[in-house]
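Asks: If it helps, the file is called query.tsv and holds TSV, C-alpha atoms:
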chain	number	residue	atom	x	y	z
N	1	MET	CA	-26.56	-4.76	-9.11
N	2	SER	CA	-27.92	-5.38	-5.65
N	3	VAL	CA	-29.03	-2.81	-3.09
N	4	THR	CA	-26.03	-1.22	-1.38
N	5	ALA	CA	-25.93	1.01	1.68
N	6	LEU	CA	-24.08	3.70	-0.27
N	7	PHE	CA	-26.95	4.23	-2.74
N	8	LYS	CA	-29.95	3.27	-0.62
N	9	ASP	CA	-32.58	6.04	-0.64
N	10	LYS	CA	-30.20	8.55	-2.26
N	11	ARG	CA	-32.24	10.79	-4.54
N	12	ILE	CA	-30.53	11.31	-7.87
N	13	VAL	CA	-31.84	13.58	-10.59
N	14	LEU	CA	-30.78	12.06	-13.91
N	15	GLY	CA	-30.89	14.59	-16.71
N	16	VAL	CA	-31.04	13.18	-20.23
N	17	THR	CA	-30.44	15.26	-23.36
N	18	GLY	CA	-30.71	14.61	-27.10
N	19	SER	CA	-27.86	12.24	-27.94
N	20	ILE	CA	-27.82	8.79	-29.47
N	21	ALA	CA	-26.09	7.75	-26.22
N	22	VAL	CA	-29.44	8.03	-24.43
N	23	TYR	CA	-29.69	4.24	-24.56
N	24	LYS	CA	-26.82	4.08	-22.06
N	25	ALA	CA	-28.73	6.42	-19.75
N	26	VAL	CA	-31.57	3.85	-19.66
N	27	ASP	CA	-29.14	1.24	-18.33
N	28	LEU	CA	-27.69	3.78	-15.87
N	29	ALA	CA	-31.16	4.57	-14.51
N	30	SER	CA	-31.88	0.86	-14.15
N	31	LYS	CA	-28.61	0.05	-12.34
N	32	LEU	CA	-28.92	3.00	-9.95
N	33	THR	CA	-32.46	1.93	-9.11
N	34	GLN	CA	-31.32	-1.66	-8.51
N	35	ALA	CA	-28.64	-0.30	-6.15
N	36	GLY	CA	-31.34	1.38	-4.05
N	37	ALA	CA	-31.30	4.95	-5.36
N	38	LEU	CA	-34.44	6.96	-6.02
N	39	VAL	CA	-33.95	8.15	-9.60
N	40	ASP	CA	-35.94	11.07	-10.98
N	41	VAL	CA	-35.39	11.34	-14.72
N	42	VAL	CA	-35.70	14.72	-16.45
N	43	MET	CA	-35.75	14.54	-20.25
N	44	THR	CA	-35.31	17.31	-22.77
N	45	GLU	CA	-37.56	17.43	-25.82
N	46	ALA	CA	-34.66	16.23	-28.00
N	47	ALA	CA	-33.99	13.26	-25.72
N	48	GLN	CA	-37.55	12.08	-26.25
N	49	LYS	CA	-36.82	11.72	-29.97
N	50	PHE	CA	-34.52	8.80	-29.11
N	51	VAL	CA	-36.24	7.14	-26.12
N	52	THR	CA	-39.73	7.56	-24.69
N	53	PRO	CA	-40.35	8.67	-21.09
N	54	LEU	CA	-42.19	5.38	-20.52
N	55	THR	CA	-38.91	3.50	-20.94
N	56	PHE	CA	-37.30	5.37	-18.06
N	57	GLN	CA	-40.46	5.09	-15.97
N	58	ALA	CA	-40.34	1.31	-16.42
N	59	MET	CA	-36.67	1.25	-15.30
N	60	THR	CA	-37.08	3.48	-12.22
N	61	GLY	CA	-40.67	2.89	-11.14
N	62	ARG	CA	-41.00	6.66	-10.73
N	63	ALA	CA	-42.48	9.54	-12.67
N	64	VAL	CA	-40.43	10.96	-15.55
N	65	TYR	CA	-40.38	14.75	-15.92
N	66	THR	CA	-40.45	16.34	-19.36
N	67	HIS	CA	-42.28	19.69	-19.29
N	68	LEU	CA	-41.51	22.95	-17.49
N	69	TRP	CA	-45.12	24.11	-17.47
N	70	LYS	CA	-46.60	21.29	-15.42
N	71	THR	CA	-46.93	20.82	-11.68
N	72	ASP	CA	-45.99	17.61	-9.88
N	73	VAL	CA	-48.99	15.58	-8.75
N	74	SER	CA	-47.11	12.38	-7.98
N	75	GLY	CA	-46.34	13.21	-4.36
N	76	TYR	CA	-42.68	12.23	-4.78
N	77	LEU	CA	-41.29	15.77	-4.57
N	78	PRO	CA	-41.02	18.17	-1.61
N	79	THR	CA	-43.07	20.80	-3.47
N	80	HIS	CA	-45.55	20.77	-6.33
N	81	ILE	CA	-43.36	23.15	-8.38
N	82	MET	CA	-41.29	20.62	-10.27
N	83	GLN	CA	-38.05	22.45	-10.93
N	84	VAL	CA	-37.86	23.51	-7.29
N	85	GLY	CA	-38.92	20.14	-5.90
N	86	LEU	CA	-36.55	18.19	-8.12
N	87	GLY	CA	-33.55	20.30	-7.19
N	88	GLU	CA	-34.44	20.90	-3.55
N	89	GLY	CA	-34.60	17.30	-2.42
N	90	ALA	CA	-31.82	15.84	-4.58
N	91	ASP	CA	-28.52	14.45	-3.32
N	92	LEU	CA	-26.95	14.70	-6.76
N	93	VAL	CA	-27.79	15.92	-10.27
N	94	VAL	CA	-26.24	13.86	-13.06
N	95	ILE	CA	-26.69	14.87	-16.69
N	96	ALA	CA	-25.71	11.91	-18.86
N	97	PRO	CA	-25.52	12.34	-21.74
N	98	ILE	CA	-25.16	16.11	-21.94
N	99	THR	CA	-25.02	17.67	-25.39
N	100	ALA	CA	-23.05	20.71	-26.53
N	101	ASN	CA	-26.31	22.66	-26.55
N	102	THR	CA	-27.17	21.96	-22.90
N	103	LEU	CA	-23.54	22.56	-21.87
N	104	ALA	CA	-23.75	26.02	-23.43
N	105	LYS	CA	-27.06	26.77	-21.71
N	106	LEU	CA	-25.76	25.85	-18.25
N	107	ALA	CA	-22.46	27.65	-18.72
N	108	HIS	CA	-24.27	30.87	-19.60
N	109	GLY	CA	-27.18	30.51	-17.17
N	110	PHE	CA	-29.93	29.89	-19.71
N	111	ALA	CA	-33.07	28.33	-18.22
N	112	ASP	CA	-35.52	27.61	-21.02
N	113	ASP	CA	-36.51	24.01	-20.25
N	114	LEU	CA	-37.17	21.87	-17.19
N	115	LEU	CA	-33.67	20.37	-17.08
N	116	THR	CA	-31.75	23.65	-17.17
N	117	VAL	CA	-34.09	25.26	-14.64
N	118	THR	CA	-33.72	22.23	-12.34
N	119	ALA	CA	-29.91	22.28	-12.62
N	120	LEU	CA	-29.81	25.97	-11.74
N	121	ALA	CA	-32.26	25.55	-8.86
N	122	ALA	CA	-30.52	22.53	-7.31
N	123	ARG	CA	-28.49	22.97	-4.12
N	124	CYS	CA	-26.63	19.68	-4.59
N	125	PRO	CA	-23.52	18.97	-6.71
N	126	LEU	CA	-23.72	18.58	-10.48
N	127	MET	CA	-22.07	15.87	-12.61
N	128	ILE	CA	-21.89	16.13	-16.38
N	129	ALA	CA	-21.05	13.41	-18.89
N	130	PRO	CA	-20.68	14.89	-22.40
N	131	ALA	CA	-21.49	12.83	-25.49
N	132	MET	CA	-20.97	14.22	-29.00
N	133	ASP	CA	-18.82	13.79	-32.10
N	134	GLY	CA	-15.13	14.30	-31.43
N	135	VAL	CA	-14.83	17.43	-33.56
N	136	MET	CA	-17.64	19.03	-31.57
N	137	TYR	CA	-16.15	18.02	-28.23
N	138	GLU	CA	-12.77	19.49	-29.15
N	139	HIS	CA	-14.27	22.78	-30.37
N	140	PRO	CA	-12.99	25.77	-28.35
N	141	ALA	CA	-16.52	26.88	-27.50
N	142	VAL	CA	-17.40	23.50	-25.98
N	143	GLN	CA	-14.11	23.35	-24.09
N	144	ALA	CA	-14.65	26.88	-22.76
N	145	ASN	CA	-18.13	25.97	-21.53
N	146	LEU	CA	-16.78	22.83	-19.84
N	147	LYS	CA	-14.07	24.87	-18.14
N	148	THR	CA	-16.66	27.35	-16.87
N	149	LEU	CA	-18.84	24.62	-15.35
N	150	ILE	CA	-15.88	22.83	-13.76
N	151	GLU	CA	-14.65	26.08	-12.23
N	152	ARG	CA	-18.11	26.48	-10.70
N	153	GLY	CA	-17.81	23.05	-9.06
N	154	ALA	CA	-19.31	20.64	-11.58
N	155	THR	CA	-17.70	17.20	-11.83
N	156	LEU	CA	-16.78	16.14	-15.35
N	157	ILE	CA	-17.09	12.49	-16.32
N	158	PRO	CA	-14.73	12.57	-19.31
N	159	PRO	CA	-15.92	11.06	-22.58
N	160	GLU	CA	-14.06	8.10	-24.06
N	161	ARG	CA	-12.43	7.50	-27.41
N	162	GLY	CA	-14.29	5.34	-29.89
N	163	ARG	CA	-16.47	5.16	-32.98
N	164	PHE	CA	-19.42	7.53	-33.30
N	165	ALA	CA	-22.77	7.03	-34.97
N	166	SER	CA	-21.42	9.21	-37.78
N	167	GLY	CA	-18.80	6.57	-38.55
N	168	LEU	CA	-15.97	8.84	-37.39
N	169	GLU	CA	-13.70	8.10	-34.44
N	170	GLY	CA	-12.40	10.32	-31.68
N	171	VAL	CA	-12.99	11.42	-28.09
N	172	GLY	CA	-16.65	12.03	-27.32
N	173	ARG	CA	-18.32	8.70	-26.54
N	174	LEU	CA	-20.36	8.43	-23.35
N	175	PRO	CA	-18.60	5.95	-21.00
N	176	GLU	CA	-20.22	2.61	-20.21
N	177	THR	CA	-22.58	2.25	-17.26
N	178	ALA	CA	-19.93	0.74	-14.96
N	179	THR	CA	-17.73	3.81	-15.37
N	180	LEU	CA	-20.61	6.24	-14.83
N	181	ILE	CA	-21.76	4.44	-11.68
N	182	GLY	CA	-18.17	4.25	-10.49
N	183	VAL	CA	-17.78	8.02	-10.52
N	184	ILE	CA	-21.12	8.48	-8.75
N	185	ARG	CA	-20.13	5.80	-6.23
N	186	GLN	CA	-16.86	7.56	-5.44
N	187	TYR	CA	-18.67	10.85	-4.91
N	188	PHE	CA	-21.04	9.40	-2.31
N	189	ALA	CA	-18.15	7.57	-0.63
N	190	ARG	CA	-16.24	10.84	-0.23
N	191	VAL	CA	-19.09	12.87	1.18
N	192	SER	CA	-20.72	10.34	3.49
N	193	GLY	CA	-18.15	7.63	4.15
N	194	SER	CA	-17.63	6.55	7.75
N	195	LEU	CA	-14.07	5.50	6.91
N	196	THR	CA	-13.04	8.68	5.11
N	197	GLY	CA	-9.35	9.30	5.70
N	198	ARG	CA	-8.74	5.70	6.85
N	199	ARG	CA	-6.43	3.23	5.12
N	200	VAL	CA	-7.67	-0.37	4.82
N	201	ILE	CA	-5.77	-3.37	3.44
N	202	VAL	CA	-7.78	-6.34	2.17
N	203	THR	CA	-6.48	-9.68	0.90
N	204	ALA	CA	-8.40	-11.99	-1.42
N	205	GLY	CA	-8.14	-15.31	-3.24
N	206	GLY	CA	-6.30	-18.55	-2.66
N	207	THR	CA	-2.51	-18.48	-2.81
N	208	GLN	CA	-0.75	-20.54	-5.48
N	209	GLU	CA	2.27	-22.45	-4.21
N	210	PRO	CA	4.45	-23.68	-7.11
N	211	ILE	CA	5.56	-27.29	-7.45
N	212	ASP	CA	7.30	-26.83	-10.80
N	213	PRO	CA	7.03	-24.30	-13.67
N	214	VAL	CA	3.65	-25.78	-14.64
N	215	ARG	CA	1.86	-26.91	-11.46
N	216	TYR	CA	0.96	-25.37	-8.14
N	217	ILE	CA	-0.94	-26.12	-4.93
N	218	THR	CA	-4.00	-23.95	-4.34
N	219	ASN	CA	-7.56	-24.08	-2.97
N	220	ARG	CA	-11.12	-23.32	-4.05
N	221	SER	CA	-11.24	-19.71	-2.87
N	222	SER	CA	-12.72	-17.51	-5.61
N	223	GLY	CA	-11.78	-14.19	-4.01
N	224	LYS	CA	-15.36	-12.91	-4.36
N	225	GLN	CA	-15.81	-12.17	-0.66
N	226	GLY	CA	-12.52	-10.30	-0.43
N	227	TYR	CA	-13.39	-8.19	-3.49
N	228	ALA	CA	-16.80	-7.40	-2.00
N	229	ILE	CA	-15.15	-6.29	1.24
N	230	ALA	CA	-12.74	-4.06	-0.66
N	231	GLN	CA	-15.68	-2.42	-2.45
N	232	ALA	CA	-17.61	-1.95	0.79
N	233	ALA	CA	-14.57	-0.34	2.44
N	234	ALA	CA	-14.10	1.99	-0.54
N	235	ASP	CA	-17.83	2.83	-0.41
N	236	ALA	CA	-17.27	3.83	3.22
N	237	GLY	CA	-14.66	6.33	2.06
N	238	ALA	CA	-11.50	4.40	2.91
N	239	HIS	CA	-8.33	4.33	0.86
N	240	VAL	CA	-8.26	0.62	0.02
N	241	THR	CA	-5.43	-1.58	-1.20
N	242	LEU	CA	-6.57	-5.02	-2.33
N	243	ILE	CA	-3.79	-7.64	-2.34
N	244	THR	CA	-5.12	-10.45	-4.49
N	245	THR	CA	-4.20	-13.69	-6.22
N	246	VAL	CA	-7.21	-13.68	-8.56
N	247	SER	CA	-8.45	-11.51	-11.42
N	248	LEU	CA	-12.02	-10.27	-10.96
N	249	PRO	CA	-13.62	-6.95	-12.00
N	250	VAL	CA	-11.71	-4.27	-10.11
N	251	PRO	CA	-13.77	-2.67	-7.32
N	252	ILE	CA	-14.43	1.02	-7.91
N	253	GLY	CA	-11.88	3.28	-6.21
N	254	VAL	CA	-9.66	0.41	-5.05
N	255	GLU	CA	-5.92	0.01	-5.61
N	256	ILE	CA	-5.06	-3.50	-6.82
N	257	LEU	CA	-1.83	-5.35	-6.06
N	258	SER	CA	-1.48	-8.81	-7.62
N	259	VAL	CA	0.55	-11.55	-5.91
N	260	GLY	CA	0.89	-15.30	-6.36
N	261	ASN	CA	2.06	-17.29	-3.36
N	262	ALA	CA	1.99	-16.85	0.41
N	263	SER	CA	5.49	-15.40	0.62
N	264	GLU	CA	4.62	-12.71	-1.92
N	265	MET	CA	1.42	-11.92	-0.07
N	266	LEU	CA	3.27	-11.69	3.24
N	267	ALA	CA	5.80	-9.23	1.80
N	268	ALA	CA	3.04	-7.07	0.33
N	269	VAL	CA	0.98	-7.13	3.53
N	270	LEU	CA	3.94	-6.13	5.71
N	271	VAL	CA	4.73	-3.17	3.47
N	272	HIS	CA	1.19	-1.89	3.08
N	273	THR	CA	-0.02	-2.38	6.66
N	274	ALA	CA	2.81	-0.31	8.13
N	275	ASP	CA	0.63	2.82	8.01
N	276	ALA	CA	-2.80	1.15	7.78
N	277	ASP	CA	-5.77	1.47	10.10
N	278	ALA	CA	-7.04	-2.04	9.38
N	279	LEU	CA	-6.10	-5.35	7.79
N	280	ILE	CA	-8.84	-7.72	6.63
N	281	MET	CA	-7.33	-11.11	5.77
N	282	ALA	CA	-10.03	-12.59	3.54
N	283	ALA	CA	-7.50	-14.52	1.44
N	284	ALA	CA	-7.27	-18.29	1.79
N	285	VAL	CA	-3.54	-18.68	2.37
N	286	ALA	CA	-2.19	-22.20	1.81
N	287	ASP	CA	-0.84	-23.73	5.02
N	288	PHE	CA	1.87	-25.64	3.13
N	289	ARG	CA	4.13	-25.25	0.11
N	290	ALA	CA	6.58	-27.51	-1.69
N	291	LYS	CA	9.87	-27.70	0.19
N	292	GLN	CA	11.74	-27.75	-3.11
N	293	VAL	CA	10.33	-26.26	-6.31
N	294	ALA	CA	11.49	-28.16	-9.39
N	295	GLN	CA	13.25	-26.04	-11.99
N	296	HIS	CA	11.70	-28.02	-14.81
N	297	LYS	CA	8.35	-29.75	-15.31
N	298	ILE	CA	8.18	-32.96	-13.30
N	299	LYS	CA	7.77	-35.78	-15.80
N	300	LYS	CA	5.69	-38.87	-15.26
N	301	GLN	CA	7.92	-41.88	-14.64
N	302	GLU	CA	6.79	-44.98	-16.49
N	303	ASP	CA	8.26	-47.26	-13.82
N	304	SER	CA	6.47	-45.50	-10.94
N	305	ASP	CA	2.79	-45.40	-9.94
N	306	GLY	CA	3.03	-42.22	-7.85
N	307	LEU	CA	4.85	-39.06	-6.86
N	308	THR	CA	5.99	-37.99	-3.41
N	309	LEU	CA	6.07	-34.27	-2.58
N	310	GLU	CA	7.71	-32.97	0.58
N	311	LEU	CA	5.81	-30.01	1.98
N	312	THR	CA	6.82	-27.36	4.47
N	313	ARG	CA	4.77	-24.81	6.39
N	314	ASN	CA	3.99	-21.44	4.89
N	315	PRO	CA	4.50	-18.28	6.95
N	316	ASP	CA	1.56	-17.23	9.11
N	317	ILE	CA	0.79	-13.77	7.73
N	318	LEU	CA	-1.31	-12.59	10.67
N	319	ALA	CA	1.34	-13.80	13.12
N	320	GLU	CA	4.05	-11.98	11.18
N	321	VAL	CA	1.98	-8.79	11.17
N	322	ALA	CA	1.51	-9.08	14.95
N	323	HIS	CA	5.26	-9.68	15.41
N	324	ALA	CA	6.14	-6.59	13.36
N	325	LYS	CA	3.64	-4.52	15.32
N	326	ALA	CA	5.06	-5.76	18.66
N	327	ALA	CA	8.55	-4.72	17.56
N	328	ASP	CA	7.26	-1.25	16.63
N	329	PRO	CA	4.12	-0.17	18.57
N	330	GLN	CA	3.65	2.79	16.21
N	331	ARG	CA	3.21	0.45	13.30
N	332	GLY	CA	-0.19	-0.48	11.89
N	333	PRO	CA	-2.69	-1.96	11.54
N	334	ARG	CA	-4.76	-0.87	14.50
N	335	ILE	CA	-7.48	-3.43	13.75
N	336	THR	CA	-7.03	-6.93	12.34
N	337	VAL	CA	-9.85	-9.07	10.94
N	338	GLY	CA	-9.38	-12.75	10.13
N	339	PHE	CA	-11.38	-15.43	8.36
N	340	ALA	CA	-11.96	-19.03	9.41
N	341	ALA	CA	-13.21	-21.28	6.62
N	342	GLU	CA	-14.09	-24.54	8.38
N	343	SER	CA	-15.73	-27.81	7.40
N	344	GLN	CA	-16.36	-28.96	11.00
N	345	ASP	CA	-16.55	-27.50	14.51
N	346	LEU	CA	-16.96	-24.03	13.01
N	347	LEU	CA	-17.36	-21.92	16.13
N	348	GLN	CA	-14.82	-23.78	18.25
N	349	ASN	CA	-12.12	-23.58	15.58
N	350	ALA	CA	-12.92	-19.95	14.77
N	351	GLN	CA	-12.79	-18.95	18.45
N	352	LYS	CA	-9.41	-20.66	18.89
N	353	LYS	CA	-8.04	-18.85	15.86
N	354	LEU	CA	-9.41	-15.53	17.12
N	355	GLU	CA	-7.62	-15.96	20.43
N	356	ARG	CA	-4.41	-17.50	19.08
N	357	LYS	CA	-3.86	-14.73	16.55
N	358	ASN	CA	-5.06	-11.95	18.87
N	359	LEU	CA	-7.60	-10.69	16.33
N	360	ASP	CA	-10.20	-7.98	16.84
N	361	LEU	CA	-12.83	-9.71	14.69
N	362	MET	CA	-13.20	-13.18	13.21
N	363	VAL	CA	-15.43	-14.04	10.27
N	364	ALA	CA	-16.35	-17.74	10.42
N	365	ASN	CA	-18.07	-19.60	7.61
N	366	ASP	CA	-18.90	-23.24	7.06
N	367	ILE	CA	-17.43	-24.18	3.69
N	368	SER	CA	-19.24	-27.53	3.63
N	369	ALA	CA	-22.51	-25.80	2.71
N	370	ASP	CA	-23.37	-25.79	-1.00
N	371	ASP	CA	-24.90	-22.31	-0.96
N	372	ALA	CA	-22.17	-20.48	0.98
N	373	GLY	CA	-18.42	-20.09	1.08
N	374	PHE	CA	-16.24	-20.79	-1.94
N	375	THR	CA	-17.18	-19.94	-5.57
N	376	VAL	CA	-20.84	-18.93	-4.96
N	377	ASP	CA	-22.17	-15.37	-4.64
N	378	THR	CA	-23.82	-15.93	-1.25
N	379	ASN	CA	-22.43	-16.54	2.20
N	380	ARG	CA	-23.60	-17.43	5.69
N	381	VAL	CA	-21.17	-16.30	8.38
N	382	VAL	CA	-20.77	-15.71	12.11
N	383	LEU	CA	-18.90	-12.63	13.34
N	384	LEU	CA	-16.97	-13.21	16.57
N	385	SER	CA	-15.44	-10.29	18.46
N	386	ARG	CA	-12.56	-10.26	20.89
N	387	ASP	CA	-14.94	-9.00	23.60
N	388	GLY	CA	-17.13	-12.08	23.24
N	389	GLN	CA	-19.87	-10.62	21.05
N	390	ARG	CA	-21.37	-12.89	18.41
N	391	GLN	CA	-23.41	-11.95	15.33
N	392	ASP	CA	-24.97	-14.61	13.14
N	393	LEU	CA	-25.69	-13.52	9.57
N	394	PRO	CA	-28.24	-15.50	7.55
N	395	LEU	CA	-27.68	-16.58	3.95
N	396	ILE	CA	-27.18	-13.29	2.09
N	397	GLY	CA	-25.14	-11.96	-0.81
N	398	LYS	CA	-21.44	-11.51	-0.31
N	399	SER	CA	-21.84	-7.77	-0.87
N	400	GLU	CA	-24.23	-7.62	2.09
N	401	VAL	CA	-21.85	-9.71	4.21
N	402	ALA	CA	-19.12	-7.21	3.30
N	403	GLU	CA	-21.25	-4.28	4.44
N	404	HIS	CA	-21.82	-5.95	7.82
N	405	ILE	CA	-18.08	-6.55	8.22
N	406	ILE	CA	-17.24	-2.95	7.37
N	407	ALA	CA	-19.93	-1.70	9.76
N	408	ARG	CA	-18.25	-3.70	12.54
N	409	LEU	CA	-14.87	-2.37	11.46
N	410	VAL	CA	-16.13	1.20	11.78
N	411	MET	CA	-17.30	0.47	15.33
N	412	LEU	CA	-13.91	-1.02	16.23
N	413	ILE	CA	-11.94	1.88	14.77
N	414	ASP	CA	-14.19	4.40	16.53
N	415	GLY	CA	-13.56	2.61	19.81
Could you show the structure in this file as structure tokens?

Replies:
Amino acid sequence: MSVTALFKDKRIVLGVTGSIAVYKAVDLASKLTQAGALVDVVMTEAAQKFVTPLTFQAMTGRAVYTHLWKTDVSGYLPTHIMQVGLGEGADLVVIAPITANTLAKLAHGFADDLLTVTALAARCPLMIAPAMDGVMYEHPAVQANLKTLIERGATLIPPERGRFASGLEGVGRLPETATLIGVIRQYFARVSGSLTGRRVIVTAGGTQEPIDPVRYITNRSSGKQGYAIAQAAADAGAHVTLITTVSLPVPIGVEILSVGNASEMLAAVLVHTADADALIMAAAVADFRAKQVAQHKIKKQEDSDGLTLELTRNPDILAEVAHAKAADPQRGPRITVGFAAESQDLLQNAQKKLERKNLDLMVANDISADDAGFTVDTNRVVLLSRDGQRQDLPLIGKSEVAEHIIARLVMLIDG
């Protein structure tokens, strides 16, 4: 993971209890730290039987807390009394994995170790991710304790079905790191997102225009930038629909709608932008399609050296959106963002497109560069606004580019 605005400098207390699933907590601590969070790990005595505190310290670069009867001398906490300092300054307490024993303690208010005292002293929300054999998880006592904590406001990260260390199978496995981070990500998006309550439509990937049942016309767009934008918008709290032609890991908290060609994308965009606040057209829509699509595979002719295809123009999705909005002024989107992928005269072509399509923001990138644009994970773009403002972004990761675009979108929506 790379540093993201959503996690940057968020202080997360990660509680770790005595389960074989502790090894997943090591990866969770590492990924949260890479994302920019400040992770303070609190380990129970049982947890230390599986993994040493030094392992977590190496992953987070911060002190690991294990004993109730010590004071903090690291200077990281707001007060030298650990259980108070850990809970007082935290944005979130996550206990992953949490055993049946610690669940019972928290449900009944027991405070006999540093983790339970910290959880009771914390002012911030609590997330719990149980991990235990399926029979234990389904036991009425465990379920009653879970119900008690949820009724008090704790967020449950449900365990998954799978094979346990015992060799048995059932529901009780700690989810993988991506799922754990996804739930944490959605929490921060809800509470601090600048686009909370907004609806954003994002398109991604290159359209695929069929020639026959086997072949199609497409382009080199990987969809990575569009997916990054969808994630950044979701991180900002928006309800995001991603209309895509490619299959990449689904951004956390994003609704996916798969399409193939430009006509399918147009239909989906018109439906979903009707009540949207913003449309970000990051997809590379083919300008042309085959005028006639062959019903059967076009066979190579032995007496011919070539093949002639007659092409016709594809619909202009942004123009169609503008036309629909002109016919009904109450229709969305309020803000439209376009992309200009150019191999020459970048700024001139992007500016013309901005004006011709009456966009609020244009993202221009030079696709002739080897380290930016299609397929790679980095990009170098220029943001052009309708009011004449220009922002040049250096070569950075596509996730960072996405955060800049969403920051500009927030400014446009807020007026």

Asks: Mind checking which residues fall within 7 Å of segment 223-229 of chain N, counting only C-alpha atoms, ignoring those fewer than 3 positions away in the same chain, and posting them as a count of residues only?

Replies: 13

Asks: Could you name the residues that touch Asp360 of chain N at 10 Å or less, counting only C-alpha atoms, but leaving out those on the same chain fewer than 2 positions away, as a ChimeraX atom specification?

Replies: /N:334-338,354-355,357-358,362,384-387,409,412

Asks: Could you please give me, as a list in words, the residues of protein, DNA or RNA lying at most 7 Å from (-2.6, -19.0, -3.8) in the coordinate frame of the file, considering all atoms listed in the file?

Replies: Gly205, Gly206, Thr207, Gln208, Glu209, Thr218, Thr245, Gly260, Asn261, Ala262, Val285 and Ala286 of chain N

Asks: Could you give me, as a list in words, the residues within 6 Å of segment 90-107 of chain N, counting only C-alpha atoms and dropping anything in the same chain fewer than 6 positions from it?

Replies: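 Within the cut-off, the hits are Arg11, Ile12, Val13, Leu14, Gly15, Val16, Thr17, Cys124, Pro125, Leu126, Met127, Ile128, Ala129, Pro130, Ala131, Asn145 and Leu149 of chain N.
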
Asks: Can you work out which one of N:Asp275, N:Asp316, N:Asp212, N:Asp287 has the shortest atom-to-atom distance to His239 of chain N, counting all atoms listed in the file?

Replies: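 Closest to His239 of chain N, using all atoms listed in the file: N:Asp275.
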
Asks: Nearest to Leu257 of chain N: which of N:Ala63, N:Ile201, N:Ala234, N:Ala324 is it, counting only C-alpha atoms?

Replies: N:Ile201

Asks: Rounded to one decimal, what separation in Å do you get between atom CA of Val200 of chain N and atom CA of Gln34 of chain N?

Replies: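 For atom CA of Val200 of chain N relative to atom CA of Gln34 of chain N, the distance reads 27.2 Å.
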
Asks: Taking only C-alpha atoms into account, name the residue in N:Met265, N:Leu120, N:Phe188, N:Arg408 that is nearest to Arg390 of chain N.

Replies: N:Arg408

Asks: In Å, how far is it from atom CA of Asn314 of chain N to atom CA of Phe288 of chain N?

Replies: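 Between atom CA of Asn314 of chain N and atom CA of Phe288 of chain N the gap works out to 5.0 Å.
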
Asks: Would you mind putting N, CA and C atoms back on segment 169-181 of chain N and writing the result as a PDB file, keeping the file's coordinate frame?

Replies:
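File part.pdb, as written:
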ATOM      1  N   GLU N 169     -14.250   8.524 -35.722  1.00  0.00           N
ATOM      2  CA  GLU N 169     -13.700   8.100 -34.440  1.00  0.00           C
ATOM      3  C   GLU N 169     -13.035   9.284 -33.766  1.00  0.00           C
ATOM      4  N   GLY N 170     -13.025   9.244 -32.441  1.00  0.00           N
ATOM      5  CA  GLY N 170     -12.400  10.320 -31.680  1.00  0.00           C
ATOM      6  C   GLY N 170     -12.836  10.247 -30.232  1.00  0.00           C
ATOM      7  N   VAL N 171     -12.595  11.334 -29.495  1.00  0.00           N
ATOM      8  CA  VAL N 171     -12.990  11.420 -28.090  1.00  0.00           C
ATOM      9  C   VAL N 171     -14.342  12.110 -28.011  1.00  0.00           C
ATOM     10  N   GLY N 172     -15.311  11.444 -27.413  1.00  0.00           N
ATOM     11  CA  GLY N 172     -16.650  12.030 -27.320  1.00  0.00           C
ATOM     12  C   GLY N 172     -17.723  11.016 -26.980  1.00  0.00           C
ATOM     13  N   ARG N 173     -17.335   9.732 -26.866  1.00  0.00           N
ATOM     14  CA  ARG N 173     -18.320   8.700 -26.540  1.00  0.00           C
ATOM     15  C   ARG N 173     -18.658   8.717 -25.056  1.00  0.00           C
ATOM     16  N   LEU N 174     -19.946   8.542 -24.745  1.00  0.00           N
ATOM     17  CA  LEU N 174     -20.360   8.430 -23.350  1.00  0.00           C
ATOM     18  C   LEU N 174     -19.789   7.131 -22.770  1.00  0.00           C
ATOM     19  N   PRO N 175     -19.145   7.183 -21.593  1.00  0.00           N
ATOM     20  CA  PRO N 175     -18.600   5.950 -21.000  1.00  0.00           C
ATOM     21  C   PRO N 175     -19.700   4.928 -20.726  1.00  0.00           C
ATOM     22  N   GLU N 176     -19.275   3.678 -20.526  1.00  0.00           N
ATOM     23  CA  GLU N 176     -20.220   2.610 -20.210  1.00  0.00           C
ATOM     24  C   GLU N 176     -20.791   2.809 -18.816  1.00  0.00           C
ATOM     25  N   THR N 177     -21.869   2.091 -18.527  1.00  0.00           N
ATOM     26  CA  THR N 177     -22.580   2.250 -17.260  1.00  0.00           C
ATOM     27  C   THR N 177     -21.676   2.040 -16.053  1.00  0.00           C
ATOM     28  N   ALA N 178     -20.795   1.032 -16.104  1.00  0.00           N
ATOM     29  CA  ALA N 178     -19.930   0.740 -14.960  1.00  0.00           C
ATOM     30  C   ALA N 178     -19.061   1.929 -14.604  1.00  0.00           C
ATOM     31  N   THR N 179     -18.561   2.633 -15.619  1.00  0.00           N
ATOM     32  CA  THR N 179     -17.730   3.810 -15.370  1.00  0.00           C
ATOM     33  C   THR N 179     -18.554   4.945 -14.775  1.00  0.00           C
ATOM     34  N   LEU N 180     -19.745   5.173 -15.332  1.00  0.00           N
ATOM     35  CA  LEU N 180     -20.610   6.240 -14.830  1.00  0.00           C
ATOM     36  C   LEU N 180     -20.977   5.989 -13.362  1.00  0.00           C
ATOM     37  N   ILE N 181     -21.395   4.769 -13.059  1.00  0.00           N
ATOM     38  CA  ILE N 181     -21.760   4.440 -11.680  1.00  0.00           C
ATOM     39  C   ILE N 181     -20.545   4.534 -10.772  1.00  0.00           C
TER      40      ILE N 181
END
